[in-house]
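Shown here: data-v6.pdb, PDB, C-alpha atoms.
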```pdb
MODEL        1
ATOM      1  CA  MET C   1      10.825  33.428  36.195
ATOM      2  CA  LYS C   2      12.073  29.970  37.149
ATOM      3  CA  LEU C   3       8.482  28.839  37.838
ATOM      4  CA  LYS C   4       7.389  30.124  34.421
ATOM      5  CA  SER C   5      10.196  28.153  32.731
ATOM      6  CA  GLN C   6       9.245  25.019  34.645
ATOM      7  CA  CYS C   7       5.581  25.455  33.682
ATOM      8  CA  LEU C   8       6.524  25.880  30.022
ATOM      9  CA  ALA C   9       8.737  22.798  30.213
ATOM     10  CA  TRP C  10       5.910  20.734  31.751
ATOM     11  CA  LEU C  11       3.478  22.071  29.157
ATOM     12  CA  ALA C  12       5.853  21.015  26.375
ATOM     13  CA  VAL C  13       6.161  17.539  27.906
ATOM     14  CA  ALA C  14       2.363  17.284  28.268
ATOM     15  CA  LEU C  15       1.745  18.426  24.682
ATOM     16  CA  THR C  16       4.338  15.983  23.376
ATOM     17  CA  ALA C  17       2.685  13.175  25.329
ATOM     18  CA  LEU C  18      -0.750  14.201  24.039
ATOM     19  CA  SER C  19       0.412  14.391  20.426
ATOM     20  CA  GLY C  20       2.072  10.992  20.816
ATOM     21  CA  HIS C  21      -1.204   9.677  22.194
ATOM     22  CA  ALA C  22      -3.098  11.232  19.296
ATOM     23  CA  ALA C  23      -0.673   9.704  16.808
ATOM     24  CA  ALA C  24      -1.030   6.315  18.490
ATOM     25  CA  ASP C  25      -4.823   6.678  18.352
ATOM     26  CA  GLU C  26      -4.645   7.535  14.636
ATOM     27  CA  ILE C  27      -2.466   4.490  13.963
ATOM     28  CA  GLU C  28      -4.895   2.285  15.861
ATOM     29  CA  ARG C  29      -7.847   3.686  13.891
ATOM     30  CA  ALA C  30      -6.011   3.072  10.617
ATOM     31  CA  ARG C  31      -5.134  -0.475  11.699
ATOM     32  CA  ASP C  32      -8.788  -1.095  12.578
ATOM     33  CA  TYR C  33     -10.006   0.278   9.262
ATOM     34  CA  PHE C  34      -7.514  -1.357   6.903
ATOM     35  CA  THR C  35      -7.333  -4.468   9.084
ATOM     36  CA  ASN C  36      -4.288  -6.347  10.181
ATOM     37  CA  LEU C  37      -5.437  -9.570   8.557
ATOM     38  CA  GLU C  38      -2.779 -12.044   7.537
ATOM     39  CA  LEU C  39      -1.836 -12.423   3.893
ATOM     40  CA  ILE C  40       0.932 -14.355   2.163
ATOM     41  CA  ASN C  41       3.555 -12.680   0.003
ATOM     42  CA  GLN C  42       5.148 -14.012  -3.159
ATOM     43  CA  ASP C  43       7.893 -15.647  -1.080
ATOM     44  CA  GLY C  44       5.376 -17.626   0.980
ATOM     45  CA  GLU C  45       5.854 -15.458   4.088
ATOM     46  CA  THR C  46       2.904 -14.456   6.238
ATOM     47  CA  VAL C  47       2.476 -10.699   6.625
ATOM     48  CA  ARG C  48      -0.053  -8.564   8.476
ATOM     49  CA  PHE C  49      -1.714  -6.108   6.136
ATOM     50  CA  PHE C  50      -1.468  -2.944   8.198
ATOM     51  CA  ASP C  51       1.614  -3.530  10.339
ATOM     52  CA  ASP C  52       3.823  -5.157   7.701
ATOM     53  CA  VAL C  53       2.570  -3.651   4.448
ATOM     54  CA  LEU C  54       1.044  -0.219   5.079
ATOM     55  CA  LYS C  55       2.341   1.252   8.322
ATOM     56  CA  ASP C  56       4.837   4.111   7.898
ATOM     57  CA  LYS C  57       4.751   3.763   4.095
ATOM     58  CA  VAL C  58       3.648   5.550   1.014
ATOM     59  CA  VAL C  59       1.968   2.779  -0.948
ATOM     60  CA  VAL C  60       0.831   2.248  -4.514
ATOM     61  CA  ILE C  61      -1.735  -0.538  -4.701
ATOM     62  CA  ASN C  62      -3.031  -2.370  -7.737
ATOM     63  CA  PHE C  63      -5.341  -5.355  -8.021
ATOM     64  CA  ILE C  64      -4.424  -8.347 -10.159
ATOM     65  CA  PHE C  65      -5.002 -11.965 -10.948
ATOM     66  CA  THR C  66      -2.107 -13.971 -12.314
ATOM     67  CA  ASN C  67      -3.822 -15.651 -15.261
ATOM     68  CA  CYS C  68      -5.064 -12.311 -16.608
ATOM     69  CA  GLU C  69      -4.061 -11.722 -20.201
ATOM     70  CA  GLY C  70      -5.252  -8.148 -20.517
ATOM     71  CA  ALA C  71      -5.325  -5.297 -18.043
ATOM     72  CA  CYS C  72      -3.287  -6.798 -15.177
ATOM     73  CA  PRO C  73      -0.042  -7.154 -17.165
ATOM     74  CA  LEU C  74      -0.561  -3.703 -18.703
ATOM     75  CA  MET C  75      -1.129  -2.006 -15.357
ATOM     76  CA  THR C  76       1.804  -3.850 -13.808
ATOM     77  CA  HIS C  77       4.038  -2.747 -16.685
ATOM     78  CA  LYS C  78       2.904   0.838 -16.186
ATOM     79  CA  LEU C  79       3.843   0.598 -12.514
ATOM     80  CA  THR C  80       7.290  -0.821 -13.354
ATOM     81  CA  LEU C  81       7.927   2.360 -15.359
ATOM     82  CA  VAL C  82       6.793   4.450 -12.391
ATOM     83  CA  ARG C  83       8.894   2.372 -10.008
ATOM     84  CA  ASP C  84      12.010   3.071 -12.071
ATOM     85  CA  SER C  85      11.576   6.792 -11.273
ATOM     86  CA  PHE C  86      12.039   6.211  -7.556
ATOM     87  CA  GLU C  87      15.394   4.477  -7.141
ATOM     88  CA  GLY C  88      16.603   4.882  -3.570
ATOM     89  CA  LYS C  89      13.126   5.344  -2.112
ATOM     90  CA  ILE C  90      11.681   1.939  -2.925
ATOM     91  CA  GLY C  91      10.843   0.020   0.212
ATOM     92  CA  ASN C  92      11.534   2.949   2.488
ATOM     93  CA  PRO C  93       9.187   4.705   2.437
ATOM     94  CA  LEU C  94       7.688   3.784  -0.966
ATOM     95  CA  GLN C  95       6.093   0.357  -1.327
ATOM     96  CA  PHE C  96       4.314  -1.113  -4.341
ATOM     97  CA  VAL C  97       1.569  -3.595  -3.460
ATOM     98  CA  SER C  98      -0.229  -5.972  -5.815
ATOM     99  CA  LEU C  99      -3.258  -7.644  -4.233
ATOM    100  CA  SER C 100      -4.724 -10.815  -5.690
ATOM    101  CA  ILE C 101      -8.391 -10.673  -6.546
ATOM    102  CA  ASP C 102      -8.327 -14.404  -7.293
ATOM    103  CA  PRO C 103      -6.664 -16.020  -4.263
ATOM    104  CA  GLU C 104      -8.136 -19.427  -5.087
ATOM    105  CA  ARG C 105      -5.719 -19.666  -8.046
ATOM    106  CA  ASP C 106      -3.083 -17.079  -7.122
ATOM    107  CA  THR C 107      -0.643 -19.081  -5.032
ATOM    108  CA  PRO C 108       2.541 -17.448  -3.757
ATOM    109  CA  ALA C 109       4.428 -19.279  -6.529
ATOM    110  CA  ALA C 110       2.007 -17.944  -9.160
ATOM    111  CA  MET C 111       2.383 -14.436  -7.751
ATOM    112  CA  LYS C 112       6.175 -14.746  -7.816
ATOM    113  CA  GLU C 113       6.102 -15.961 -11.428
ATOM    114  CA  PHE C 114       3.754 -13.128 -12.428
ATOM    115  CA  ALA C 115       6.121 -10.602 -10.843
ATOM    116  CA  LYS C 116       9.122 -12.106 -12.616
ATOM    117  CA  THR C 117       7.365 -12.358 -15.985
ATOM    118  CA  HIS C 118       6.307  -8.711 -15.798
ATOM    119  CA  ARG C 119       9.623  -7.348 -14.469
ATOM    120  CA  ALA C 120       8.094  -6.442 -11.111
ATOM    121  CA  ASP C 121      10.177  -8.758  -8.924
ATOM    122  CA  HIS C 122      11.979  -5.996  -7.041
ATOM    123  CA  ASP C 123      12.551  -5.158  -3.413
ATOM    124  CA  GLY C 124       9.835  -2.825  -2.262
ATOM    125  CA  TRP C 125       7.164  -4.524  -4.355
ATOM    126  CA  VAL C 126       5.044  -7.081  -2.575
ATOM    127  CA  PHE C 127       2.557  -9.422  -4.244
ATOM    128  CA  LEU C 128      -0.076 -10.608  -1.795
ATOM    129  CA  THR C 129      -2.454 -13.534  -1.773
ATOM    130  CA  GLY C 130      -3.934 -15.566   1.056
ATOM    131  CA  LYS C 131      -7.243 -16.691   2.454
ATOM    132  CA  PRO C 132     -10.073 -15.542   0.162
ATOM    133  CA  GLU C 133     -12.050 -14.101   3.082
ATOM    134  CA  ASN C 134      -9.069 -11.999   4.207
ATOM    135  CA  LEU C 135      -8.474 -10.584   0.741
ATOM    136  CA  GLU C 136     -12.180  -9.952   0.241
ATOM    137  CA  THR C 137     -12.343  -7.955   3.472
ATOM    138  CA  ILE C 138      -9.257  -5.896   2.597
ATOM    139  CA  ILE C 139     -10.296  -5.260  -0.995
ATOM    140  CA  LYS C 140     -13.768  -4.201   0.159
ATOM    141  CA  ARG C 141     -12.156  -1.752   2.605
ATOM    142  CA  LEU C 142     -10.182  -0.362  -0.322
ATOM    143  CA  GLY C 143     -13.380   0.008  -2.366
ATOM    144  CA  GLN C 144     -12.305  -2.322  -5.158
ATOM    145  CA  PHE C 145     -14.194  -5.569  -4.580
ATOM    146  CA  THR C 146     -16.165  -7.325  -7.293
ATOM    147  CA  ASP C 147     -17.590 -10.833  -7.444
ATOM    148  CA  ASP C 148     -16.502 -11.173 -11.076
ATOM    149  CA  VAL C 149     -12.718 -11.424 -11.310
ATOM    150  CA  GLU C 150     -12.808 -10.672 -15.053
ATOM    151  CA  ALA C 151     -14.676  -7.410 -14.422
ATOM    152  CA  HIS C 152     -12.416  -6.008 -11.713
ATOM    153  CA  SER C 153     -11.478  -2.367 -11.632
ATOM    154  CA  THR C 154      -8.093  -1.349 -12.988
ATOM    155  CA  MET C 155      -8.061   1.754 -10.834
ATOM    156  CA  MET C 156      -5.065   1.928  -8.532
ATOM    157  CA  LEU C 157      -4.784   3.530  -5.127
ATOM    158  CA  ALA C 158      -1.887   5.415  -3.607
ATOM    159  CA  GLY C 159      -1.586   6.741  -0.123
ATOM    160  CA  ASN C 160       0.660   8.267   2.452
ATOM    161  CA  VAL C 161      -0.533   6.083   5.302
ATOM    162  CA  ASN C 162       0.846   8.208   8.155
ATOM    163  CA  ALA C 163      -0.679  11.378   6.711
ATOM    164  CA  ALA C 164      -3.961   9.571   5.939
ATOM    165  CA  HIS C 165      -3.800  11.055   2.443
ATOM    166  CA  TRP C 166      -5.144   8.737  -0.272
ATOM    167  CA  ILE C 167      -5.696   9.235  -3.983
ATOM    168  CA  LYS C 168      -7.099   7.212  -6.845
ATOM    169  CA  ILE C 169      -5.013   6.629  -9.923
ATOM    170  CA  GLN C 170      -7.100   6.150 -13.036
ATOM    171  CA  PRO C 171      -6.046   3.457 -15.524
ATOM    172  CA  TYR C 172      -5.647   5.989 -18.346
ATOM    173  CA  GLU C 173      -3.040   8.018 -16.434
ATOM    174  CA  GLN C 174       0.444   7.738 -17.849
ATOM    175  CA  PRO C 175       3.636   7.024 -15.851
ATOM    176  CA  PRO C 176       4.754  10.692 -15.643
ATOM    177  CA  GLN C 177       1.355  11.689 -14.166
ATOM    178  CA  ILE C 178       1.424   8.799 -11.710
ATOM    179  CA  THR C 179       5.019   9.593 -10.752
ATOM    180  CA  GLU C 180       4.093  13.206  -9.982
ATOM    181  CA  LYS C 181       1.180  12.137  -7.774
ATOM    182  CA  ILE C 182       3.445   9.788  -5.840
ATOM    183  CA  ARG C 183       6.082  12.512  -5.443
ATOM    184  CA  LEU C 184       3.426  14.693  -3.834
ATOM    185  CA  LEU C 185       2.472  11.886  -1.446
ATOM    186  CA  LEU C 186       6.155  11.476  -0.568
ATOM    187  CA  GLY C 187       6.454  15.211   0.028
ATOM    188  CA  ASP C 188       8.895  15.586  -2.860
ATOM    189  CA  GLY C 189       6.584  17.561  -5.152
TER     190      GLY C 189
ENDMDL
END
```

Whole structure, structure tokens version:
Amino acid sequence: MKLKSQCLAWLAVALTALSGHAAADEIERARDYFTNLELINQDGETVRFFDDVLKDKVVVINFIFTNCEGACPLMTHKLTLVRDSFEGKIGNPLQFVSLSIDPERDTPAAMKEFAKTHRADHDGWVFLTGKPENLETIIKRLGQFTDDVEAHSTMMLAGNVNAAHWIKIQPYEQPPQITEKIRLLLGDG
């Protein structure tokens, strides 16, 4: 009986180690896919895309350029309404991410001003710019790249990174619909 208990204990340790290994492998695959390229946030700080922005988060990602006078402010406003539904969860685990599709003009200062102007300058909401080639790579990985900034997609993405569960959020969806989708990703739905 004692031998059986010891075997079960060792099996539990081995399975735990294997599942930890599998989880580490999944994280490494996600890091490889999404990249860990450096970007710059609205405060001028360098961040790594996977490790600092995505890892262990539920994220809502939109794509903007700061001199946009149409869709970008509207989509950002929509997300501020959604954000207001999640007090207490913002930043941990929920993170809003706005990626520049025009990094040549979108400086950290421009991103910060855009956030402030559109009431999106909150903890748990990061505005990212940086080297054009880094943003191009990331945005291509997210399936949202276009050569024409004016013709960019207004579709948003949301994902539970650890669960590898991603959804698209269509531009016509209203804040209550978006909120419900995010609740499901958080496991609150």

request  = One decimal, Å: what's the distance from atom CA of C:Gly124 over to atom CA of C:Phe145, could you say?
outcome  = 24.3 Å

inquiry  = Show me, as a list in words, the residues that have an atom within 6 Å of stretch 86-95 of chain C when counting only C-alpha atoms, minus same-chain residues fewer than 3 positions from it.
reply    =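 So, after excluding close chain neighbours, the residues are Lys57, Val58, Val59, Arg83, Gly124 and Trp125 of chain C.
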
request  = With all atoms listed in the file counted, which protein, DNA or RNA residues have an atom no more than 10 Å from (-5.8, 1.2, 10.2) in the file frame? Please answer as a PyMOL selection string.
outcome  = chain C and resi 25-36+49-51+54-55+161-162+164

Using only C-alpha atoms, what table do you get, as CSV, when you list each residue of stretch 60-89 of chain C with an atom no more than 10 Å from stretch 110-120 of chain C, its nearest pair of atoms, and their distance in Å rounded to one decimal, rows by chain then rising number?
```
residue,atom,partner,partner_atom,distance
C:Ile64,CA,C:Met111,CA,9.4
C:Phe65,CA,C:Met111,CA,8.4
C:Thr66,CA,C:Phe114,CA,5.9
C:Asn67,CA,C:Phe114,CA,8.5
C:Cys68,CA,C:Phe114,CA,9.8
C:Cys72,CA,C:His118,CA,9.8
C:Pro73,CA,C:His118,CA,6.7
C:Leu74,CA,C:His118,CA,9.0
C:Thr76,CA,C:His118,CA,6.9
C:His77,CA,C:His118,CA,6.4
C:Leu79,CA,C:Ala120,CA,8.3
C:Thr80,CA,C:Ala120,CA,6.1
C:Leu81,CA,C:Ala120,CA,9.8
C:Arg83,CA,C:Ala120,CA,8.9
```

query = Out of C:Gln170, C:Thr146, C:Thr179, C:Thr46, which residue has the shortest atom-to-atom distance to C:Ile101 when counting only C-alpha atoms?
reply =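 For C:Ile101, the nearest of the given residues is C:Thr146.
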
request  = Rank nothing, just name the residue among C:Ala24, C:Ala163, C:Met156, C:Leu99 nearest to C:Lys131, using all atoms listed in the file.
outcome  = C:Leu99

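Restricting the calculation to only C-alpha atoms, the smallest distance between C:Pro103 and any of C:Leu157, C:Leu128, C:Ile182, C:Ile138 is found for C:Leu128.
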
query = For C:Ile139, which of C:Ala109, C:Ile61, C:Ala23, C:Ala71 is the closest residue, counting all atoms listed in the file?
reply = C:Ile61

query = Nearest to C:Ile167 among C:Asp123, C:Thr107, C:Val60, C:Val47, with distances taken over only C-alpha atoms: which residue is it?
reply = C:Val60

key: Nearest-residue call for C:Ile169, choices C:Asp121, C:Glu133, C:Asp56, C:Met155, using only C-alpha atoms   =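 Once distances to C:Ile169 are computed over only C-alpha atoms, the minimum belongs to C:Met155.
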
Selection near stretch 183-187 of chain C, 7 Å with all atoms listed in the file, sequence-local residues under 2 positions removed, as a PyMOL selection string = chain C and resi 58+159-160+179-181+189

query = How far is it from atom CA of C:Val53 to atom CA of C:Gln174, in Å with one decimal?
reply =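 Distance reported for this atom pair: 25.1 Å.
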
note = Taken to one decimal, the atom CA of C:Pro176-atom CA of C:Arg141 distance is 27.8 Å
